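*Asks:* Got a structure for you, written out below as structure tokens; questions coming shortly.
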Amino acid sequence: MGRVASVAHVVFVAVARVEDVPPGTIRSVRAGDEEIALAHCNGGFYAVQQHCLHLQGPLGEGRLEGCVLTCPWHGWQYDVRTGQNEFDLAIQLHTYDVQVEDGEIRVGLQESTRENDSVSSRT
């Protein structure tokens, strides 16, 4: 009997250059088919989903104070390091792994692959 297992691995996609996202700023970027808000705070780069969980406001156009991102539409706030909402910790944005190499910022995307996992039956 065979089984198909879904295995996700991360593929890093270049989204910007370091100089494109100065400290204290946030930008909208695209990685593959995904829209992402890319922030530069606390000496690092952080990536979260582009759309606010409230009414889908464009987070890449929001305001960044420290590492707290404020949605430009209705003021919902999130910590870009964790994705957690500042008002309700049960609400959390999707976050992405980020790598910086040779001045290039790369965001990790989950890529699903299917693996056949053969299980032999014993008699």
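Every chain in the structure tokens has a letter given in the order shown (A, B, ...), and although residue numbers restart at 1 in each chain, ligands are simply numbered from 1 in the order shown.
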In chain A, what's helix (DSSP H, G or I) per DSSP? Answer as an MDAnalysis selection string?
*Replies:* chainID A and resid 18:20 59:61
*Asks:* Which residues are near Glu86 (chain A)? Cut-off 12 Å, only C-alpha atoms, ignore same chain within fewer than 6 positions. Put them as a PDB file with C-alpha atoms, in the first residue's frame.
*Replies:*
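Heads up, here's the output in part24.pdb:
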```pdb
ATOM      1  CA  CYS A  67       9.195  47.234  15.122  1.00  0.00           C
ATOM      2  CA  VAL A  68       5.468  47.984  15.439  1.00  0.00           C
ATOM      3  CA  LEU A  69       3.637  48.292  12.146  1.00  0.00           C
ATOM      4  CA  THR A  70       0.390  50.301  12.034  1.00  0.00           C
ATOM      5  CA  CYS A  71      -2.123  49.573   9.272  1.00  0.00           C
ATOM      6  CA  GLY A  75      -4.746  51.568  12.925  1.00  0.00           C
ATOM      7  CA  TRP A  76      -4.403  47.860  13.734  1.00  0.00           C
ATOM      8  CA  GLN A  77      -0.877  47.265  15.012  1.00  0.00           C
ATOM      9  CA  TYR A  78       1.444  44.297  14.664  1.00  0.00           C
ATOM     10  CA  ASP A  79       4.973  43.444  15.770  1.00  0.00           C
ATOM     11  CA  VAL A  80       6.768  42.662  12.492  1.00  0.00           C
ATOM     12  CA  GLN A  92      -1.178  36.930  14.236  1.00  0.00           C
ATOM     13  CA  LEU A  93       0.012  37.796  10.745  1.00  0.00           C
TER      14      LEU A  93
END
```
*Asks:* Residues near region 42-59 of chain A, anyone? I mean within 9 Å using only C-alpha atoms, not counting same-chain ones fewer than 3 positions away, as a VMD selection string.
*Replies:* chain A and resid 18 21 23 to 24 26 to 29 34 to 39 62 to 63 66 to 67 69 to 74 76 80 to 83 91 to 100 105 107
*Asks:* Neighbours of Val11 (chain A) within 9 Å (only C-alpha atoms; same-chain residues fewer than 6 positions away dropped), as a PyMOL selection string?
*Replies:* chain A and resi 107-111
*Asks:* Residues near Glu104 (chain A), anyone? I mean within 8 Å using only C-alpha atoms, not counting same-chain ones fewer than 3 positions away, as a list in words.
*Replies:*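 Final neighbour list, sorted by chain and number: Ala14, Val15, Ala16, Arg17, Val18, Val100 and Glu101 of chain A.
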*Asks:* Using DSSP on the backbone coordinates, identify the residues of chain A assigned to strand (DSSP E or B); present them as a PyMOL selection string.
*Replies:* chain A and resi 2-17+25-31+34-41+44-49+51+58+63-65+68-70+77-79+84-85+92+95-96+98-101+104-118
